[in-house]
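Colleague: Hey, dropping protein_35.cif in here, mmCIF, C-alpha atoms:
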```
data_query
loop_
_atom_site.label_atom_id
_atom_site.label_comp_id
_atom_site.auth_asym_id
_atom_site.auth_seq_id
_atom_site.Cartn_x
_atom_site.Cartn_y
_atom_site.Cartn_z
CA ASP B 1 254.52 -25.12 56.85
CA THR B 2 255.31 -25.85 53.22
CA GLY B 3 257.83 -28.60 53.88
CA VAL B 4 261.31 -29.06 52.45
CA SER B 5 261.57 -28.36 48.73
CA GLN B 6 264.28 -29.30 46.26
CA ASP B 7 265.02 -28.13 42.76
CA PRO B 8 265.33 -29.59 40.21
CA ARG B 9 263.56 -32.89 40.78
CA HIS B 10 265.44 -34.55 37.94
CA LYS B 11 268.72 -33.75 36.23
CA ILE B 12 270.40 -35.51 33.34
CA THR B 13 273.91 -34.42 32.51
CA LYS B 14 276.93 -35.61 30.60
CA ARG B 15 280.06 -36.82 32.33
CA GLY B 16 282.40 -33.96 33.09
CA GLN B 17 279.70 -31.30 33.41
CA ASN B 18 278.99 -29.36 36.60
CA VAL B 19 275.60 -29.51 38.29
CA THR B 20 274.03 -27.55 41.15
CA PHE B 21 271.07 -28.52 43.28
CA ARG B 22 269.06 -26.31 45.59
CA CYS B 23 267.29 -27.09 48.85
CA ASP B 24 264.85 -24.86 50.72
CA PRO B 25 264.29 -26.08 54.29
CA ILE B 26 261.27 -25.60 56.50
CA SER B 27 261.41 -21.92 57.34
CA GLU B 28 262.04 -22.07 61.09
CA HIS B 29 264.60 -24.89 60.88
CA ASN B 30 268.21 -23.91 61.40
CA ARG B 31 269.78 -27.30 60.60
CA LEU B 32 270.02 -28.57 57.05
CA TYR B 33 271.37 -31.93 55.86
CA TRP B 34 272.37 -33.49 52.56
CA TYR B 35 272.23 -37.23 51.93
CA ARG B 36 272.89 -39.37 48.87
CA GLN B 37 270.88 -42.46 48.04
CA THR B 38 271.96 -44.93 45.38
CA LEU B 39 269.68 -47.58 43.93
CA GLY B 40 268.74 -50.24 46.45
CA GLN B 41 270.52 -48.53 49.34
CA GLY B 42 269.57 -46.37 52.26
CA PRO B 43 270.49 -42.68 52.34
CA GLU B 44 274.11 -41.90 53.22
CA PHE B 45 275.04 -38.73 55.07
CA LEU B 46 277.05 -36.17 53.13
CA THR B 47 277.10 -32.97 55.18
CA TYR B 48 275.11 -30.71 57.44
CA PHE B 49 274.78 -27.06 58.38
CA GLN B 50 273.70 -25.20 61.45
CA ASN B 51 272.62 -21.83 60.14
CA GLU B 52 275.38 -20.92 57.66
CA ALA B 53 278.12 -22.98 59.34
CA GLN B 54 279.00 -26.34 57.80
CA LEU B 55 279.55 -28.52 60.86
CA GLU B 56 280.40 -31.92 59.43
CA LYS B 57 281.38 -33.44 56.10
CA SER B 58 281.42 -37.13 55.24
CA ARG B 59 284.37 -38.81 53.58
CA LEU B 60 281.90 -39.42 50.74
CA LEU B 61 282.06 -35.72 49.99
CA SER B 62 285.07 -35.63 47.68
CA ASP B 63 286.70 -32.36 46.65
CA ARG B 64 284.45 -32.32 43.58
CA PHE B 65 281.49 -31.71 45.89
CA SER B 66 280.80 -28.42 47.61
CA ALA B 67 277.85 -27.34 49.67
CA GLU B 68 276.93 -23.88 50.83
CA ARG B 69 274.27 -22.21 52.91
CA PRO B 70 275.30 -18.57 52.61
CA LYS B 71 272.51 -16.86 54.53
CA GLY B 72 271.44 -19.72 56.72
CA SER B 73 268.32 -20.31 54.65
CA PHE B 74 268.49 -22.28 51.40
CA SER B 75 271.45 -24.47 50.52
CA THR B 76 273.15 -25.49 47.31
CA LEU B 77 275.08 -28.65 46.52
CA GLU B 78 277.42 -28.45 43.56
CA ILE B 79 279.14 -31.36 41.88
CA GLN B 80 282.01 -30.49 39.57
CA ARG B 81 283.26 -32.72 36.75
CA THR B 82 280.48 -35.22 37.25
CA GLU B 83 281.20 -38.93 36.97
CA GLN B 84 278.84 -41.80 36.24
CA GLY B 85 279.24 -42.91 39.85
CA ASP B 86 277.60 -39.68 40.97
CA SER B 87 274.27 -40.91 39.60
CA ALA B 88 271.99 -41.08 42.63
CA MET B 89 269.12 -39.43 44.45
CA TYR B 90 270.29 -36.41 46.46
CA LEU B 91 268.09 -35.82 49.49
CA CYS B 92 267.89 -32.74 51.64
CA ALA B 93 266.45 -32.65 55.14
CA SER B 94 266.00 -30.03 57.83
CA SER B 95 265.42 -30.03 61.56
CA SER B 96 264.62 -27.60 64.31
CA GLN B 97 267.18 -26.17 66.69
CA ASP B 98 264.92 -27.49 69.44
CA ARG B 99 266.67 -30.71 70.35
CA SER B 100 263.51 -32.06 71.87
CA GLN B 101 262.07 -32.31 68.37
CA GLU B 102 264.66 -34.84 67.21
CA THR B 103 263.17 -35.19 63.75
CA GLN B 104 264.60 -34.60 60.30
CA TYR B 105 262.08 -33.76 57.60
CA PHE B 106 263.04 -34.76 54.09
CA GLY B 107 262.41 -33.16 50.75
CA PRO B 108 261.39 -35.06 47.60
CA GLY B 109 264.97 -35.37 46.38
CA THR B 110 266.83 -34.57 43.18
CA ARG B 111 267.51 -37.56 40.97
CA LEU B 112 270.77 -37.17 39.03
CA LEU B 113 271.70 -39.27 36.02
CA VAL B 114 275.19 -38.87 34.59
CA LEU B 115 275.59 -40.21 31.07
CA ALA F 116 280.12 -45.79 66.08
CA GLN F 117 276.55 -46.50 65.08
CA SER F 118 275.10 -48.87 62.51
CA VAL F 119 271.80 -50.39 61.46
CA THR F 120 271.02 -53.77 59.94
CA GLN F 121 267.69 -54.47 58.31
CA LEU F 122 267.05 -58.18 57.87
CA GLY F 123 265.30 -58.97 54.62
CA SER F 124 265.63 -56.65 51.66
CA HIS F 125 262.20 -57.77 50.40
CA VAL F 126 259.13 -58.78 52.41
CA SER F 127 255.87 -59.88 50.82
CA VAL F 128 252.58 -60.20 52.72
CA SER F 129 248.95 -60.67 51.90
CA GLU F 130 246.51 -57.85 52.42
CA GLY F 131 245.22 -58.10 55.98
CA ALA F 132 248.24 -60.06 57.24
CA LEU F 133 250.70 -58.99 59.92
CA VAL F 134 253.60 -56.84 58.77
CA LEU F 135 256.95 -57.36 60.53
CA LEU F 136 260.03 -55.49 59.35
CA ARG F 137 263.22 -56.16 61.28
CA CYS F 138 265.83 -53.68 62.41
CA ASN F 139 268.86 -54.26 64.63
CA TYR F 140 271.15 -51.46 65.67
CA SER F 141 274.57 -50.96 67.13
CA SER F 142 275.35 -47.88 69.16
CA SER F 143 277.93 -46.92 71.76
CA VAL F 144 275.55 -44.37 73.26
CA PRO F 145 271.84 -44.63 74.09
CA PRO F 146 270.28 -44.64 70.64
CA TYR F 147 267.52 -42.63 69.13
CA LEU F 148 265.82 -44.76 66.48
CA PHE F 149 263.61 -43.87 63.56
CA TRP F 150 261.53 -45.60 60.91
CA TYR F 151 260.96 -43.78 57.63
CA VAL F 152 258.87 -44.81 54.61
CA GLN F 153 259.68 -43.97 51.01
CA TYR F 154 257.20 -44.22 48.17
CA PRO F 155 258.53 -44.42 44.59
CA ASN F 156 260.32 -41.28 43.42
CA GLN F 157 259.60 -39.48 46.67
CA GLY F 158 261.53 -38.41 49.73
CA LEU F 159 261.35 -40.02 53.15
CA GLN F 160 258.41 -39.64 55.49
CA LEU F 161 258.77 -40.23 59.22
CA LEU F 162 256.65 -43.12 60.51
CA LEU F 163 257.75 -43.09 64.15
CA LYS F 164 260.68 -42.46 66.45
CA TYR F 165 262.09 -43.71 69.73
CA THR F 166 263.77 -41.08 71.88
CA SER F 167 264.30 -42.87 75.20
CA ALA F 168 260.77 -42.46 76.50
CA ALA F 169 258.22 -45.30 76.12
CA THR F 170 259.70 -48.44 74.59
CA LEU F 171 256.55 -49.13 72.55
CA VAL F 172 256.18 -46.37 70.02
CA LYS F 173 253.09 -45.76 67.93
CA GLY F 174 253.35 -44.05 64.60
CA ILE F 175 251.25 -43.04 61.66
CA ASN F 176 249.18 -45.34 59.47
CA GLY F 177 248.77 -47.95 62.22
CA PHE F 178 252.47 -48.82 62.53
CA GLU F 179 254.26 -49.33 65.81
CA ALA F 180 257.71 -50.42 66.93
CA GLU F 181 259.16 -51.73 70.15
CA PHE F 182 262.61 -50.82 71.44
CA LYS F 183 264.32 -53.85 73.00
CA LYS F 184 267.67 -52.93 74.47
CA SER F 185 268.60 -56.53 75.34
CA GLU F 186 268.11 -57.57 71.73
CA THR F 187 269.36 -54.28 70.22
CA SER F 188 266.26 -54.34 68.07
CA PHE F 189 263.59 -51.90 66.90
CA HIS F 190 261.26 -53.98 64.73
CA LEU F 191 258.35 -52.34 62.91
CA THR F 192 254.93 -53.99 62.95
CA LYS F 193 251.42 -53.42 61.69
CA PRO F 194 248.59 -55.82 62.56
CA SER F 195 246.88 -55.74 59.18
CA ALA F 196 248.57 -54.81 55.92
CA HIS F 197 246.88 -52.57 53.39
CA MET F 198 247.70 -52.29 49.71
CA SER F 199 248.77 -48.68 50.30
CA ASP F 200 251.53 -49.88 52.66
CA ALA F 201 253.58 -51.12 49.71
CA ALA F 202 256.75 -49.01 49.83
CA GLU F 203 260.35 -49.08 51.01
CA TYR F 204 261.01 -48.79 54.72
CA PHE F 205 264.19 -47.54 56.32
CA CYS F 206 265.37 -47.85 59.89
CA ALA F 207 267.82 -45.21 61.11
CA VAL F 208 269.86 -44.51 64.23
CA GLY F 209 271.16 -41.19 65.42
CA ARG F 210 269.98 -37.92 66.84
CA GLY F 211 267.51 -35.82 64.90
CA TYR F 212 269.75 -32.78 65.14
CA ASN F 213 272.79 -34.72 63.92
CA LYS F 214 273.45 -37.12 61.09
CA LEU F 215 271.31 -40.23 60.77
CA ILE F 216 272.73 -43.64 59.88
CA PHE F 217 270.30 -45.61 57.73
CA GLY F 218 269.88 -49.29 57.03
CA ALA F 219 269.75 -50.59 53.47
CA GLY F 220 265.98 -50.68 53.50
CA THR F 221 263.23 -53.28 53.20
CA ARG F 222 260.86 -53.25 50.26
CA LEU F 223 257.38 -54.29 51.35
CA ALA F 224 255.03 -55.80 48.79
CA VAL F 225 251.35 -56.33 49.62
CA HIS F 226 249.35 -58.67 47.45
CA PRO F 227 245.59 -59.23 47.37
#
```
Could you render the structure as structure tokens?

Modeller:
Amino acid sequence: DTGVSQDPRHKITKRGQNVTFRCDPISEHNRLYWYRQTLGQGPEFLTYFQNEAQLEKSRLLSDRFSAERPKGSFSTLEIQRTEQGDSAMYLCASSSQDRSQETQYFGPGTRLLVL
Amino acid sequence: AQSVTQLGSHVSVSEGALVLLRCNYSSSVPPYLFWYVQYPNQGLQLLLKYTSAATLVKGINGFEAEFKKSETSFHLTKPSAHMSDAAEYFCAVGRGYNKLIFGAGTRLAVHP
């Protein structure tokens, strides 16, 4: 069990550029979640997948944000035309399809800074 | 709808003193509750969880929490603080296979 991994760990970009983040969940987990955490706040839910199906999206996920999980394994989160307000830590988590487990395991996060 | 309130954004204790981090929740359904810890520039690590079994839950690193339905609380405690406990702690409500709703967090400082 290698845990949830995220790439890159840090990203600095200029306003208006597009960025893409990747998340690799724990291998046997079929649910994958994205959260955003701004400075001094708790994580806020963005979206989640069961296998390749995107089951729920938060109102925080504007049309500049898109998430995919094409083969039900890794996921990508793309932000188009970045704004300074997008600066945050983007966290990915995964959980088992076994509802008795009831635990989300988090990756180290990708810290985005938009200049 | 579900929500979490963490009282006290910063808590400071002496090494060896009791740690008490407060969490109150609101939930229209029987809640599942979680405490996570976050060290600087890292992701979240699960400390413990309540999933409708025993109301006193023991977690890692000597932490425990008690679910009190009448008080809608799930406070986190540790009898004796260690320097390595300095971190940010988040309480969350939800189901582990669905979205979690997090509180704003409490930063714990431990001084000698």

Colleague: Mind giving me the straight-line distance from CA of Ala116 in chain F to CA of Ser188 in chain F in Å, one decimal?

Modeller: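 CA of Ala116 in chain F sits 16.4 Å away from CA of Ser188 in chain F.
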
Colleague: Please, which residues of chain B lie no more than 8 Å from chain F when the count uses only C-alpha atoms, and can they be set out as a PyMOL selection string?

Modeller: chain B and resi 31+33+40-45+48+91+95-97+99+101-109

Colleague: Can you write just those residues out, C-alpha atoms, as a short mmCIF file (atom, residue, chain, number, x, y, z; two decimals), in the frame of the given file?

Modeller:
```cif
data_model
loop_
_atom_site.label_atom_id
_atom_site.label_comp_id
_atom_site.auth_asym_id
_atom_site.auth_seq_id
_atom_site.Cartn_x
_atom_site.Cartn_y
_atom_site.Cartn_z
CA ARG B 31 269.78 -27.30 60.60
CA TYR B 33 271.37 -31.93 55.86
CA GLY B 40 268.74 -50.24 46.45
CA GLN B 41 270.52 -48.53 49.34
CA GLY B 42 269.57 -46.37 52.26
CA PRO B 43 270.49 -42.68 52.34
CA GLU B 44 274.11 -41.90 53.22
CA PHE B 45 275.04 -38.73 55.07
CA TYR B 48 275.11 -30.71 57.44
CA LEU B 91 268.09 -35.82 49.49
CA SER B 95 265.42 -30.03 61.56
CA SER B 96 264.62 -27.60 64.31
CA GLN B 97 267.18 -26.17 66.69
CA ARG B 99 266.67 -30.71 70.35
CA GLN B 101 262.07 -32.31 68.37
CA GLU B 102 264.66 -34.84 67.21
CA THR B 103 263.17 -35.19 63.75
CA GLN B 104 264.60 -34.60 60.30
CA TYR B 105 262.08 -33.76 57.60
CA PHE B 106 263.04 -34.76 54.09
CA GLY B 107 262.41 -33.16 50.75
CA PRO B 108 261.39 -35.06 47.60
CA GLY B 109 264.97 -35.37 46.38
#
```

Colleague: Can you measure CA of His226 in chain F to CA of Ala201 in chain F for me? One decimal in Å is fine.

Modeller: 8.9 Å

Colleague: Using the chain letters and numbers from the file, give me the residues hit by the PyMOL selection byres ((chain B and resi 86) around 10), as a ChimeraX atom specification.

Modeller: /B:15,36,38,79,81-85,87-90,112-114

Colleague: In Å, with one decimal, what is the gap from CA of Pro145 in chain F to CA of Phe182 in chain F?

Modeller: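 According to the coordinates, CA of Pro145 in chain F and CA of Phe182 in chain F are separated by 11.4 Å.
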
Colleague: Excluding Ala180 in chain F and any residue of its chain fewer than 3 positions from it, enumerate the residues within 10 Å of it, using only C-alpha atoms, and give them as an MDAnalysis selection string.

Modeller: chainID F and resid 135:138 148:150 162:165 170:174 183 188:193

Colleague: Going by the chain IDs and residue numbers used in this file, which residues fall under the PyMOL selection byres ((chain F and resi 195) around 7)? Write them as a PyMOL selection string.

Modeller: chain F and resi 131-134+193-194+196-197

Colleague: Leaving out Gly72 in chain B and any residue of its chain fewer than 6 positions from it, which residues lie within 12 Å of it when counting all atoms listed in the file, given as number ranges by chain?

Modeller: B: 23-32, 48-54, 94

Colleague: Find the residues around Trp34 in chain B up to 6 Å (all atoms listed in the file counted), leave out those fewer than 5 positions away in its own chain, and share them as a PyMOL selection string.

Modeller: chain B and resi 46-47+91-92

Colleague: For the PyMOL selection byres ((chain F and resi 227) around 8), applied here, can you spell out every residue it catches as number ranges by chain?

Modeller: F: 129-130, 198, 225-226

Colleague: My list of candidates is B:Gln6, B:Ser62, B:Asn18, B:Thr13. Which is closest to Gln80 in chain B when distances are computed with all atoms listed in the file?

Modeller: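 Smallest separation from Gln80 in chain B among the options: B:Asn18.
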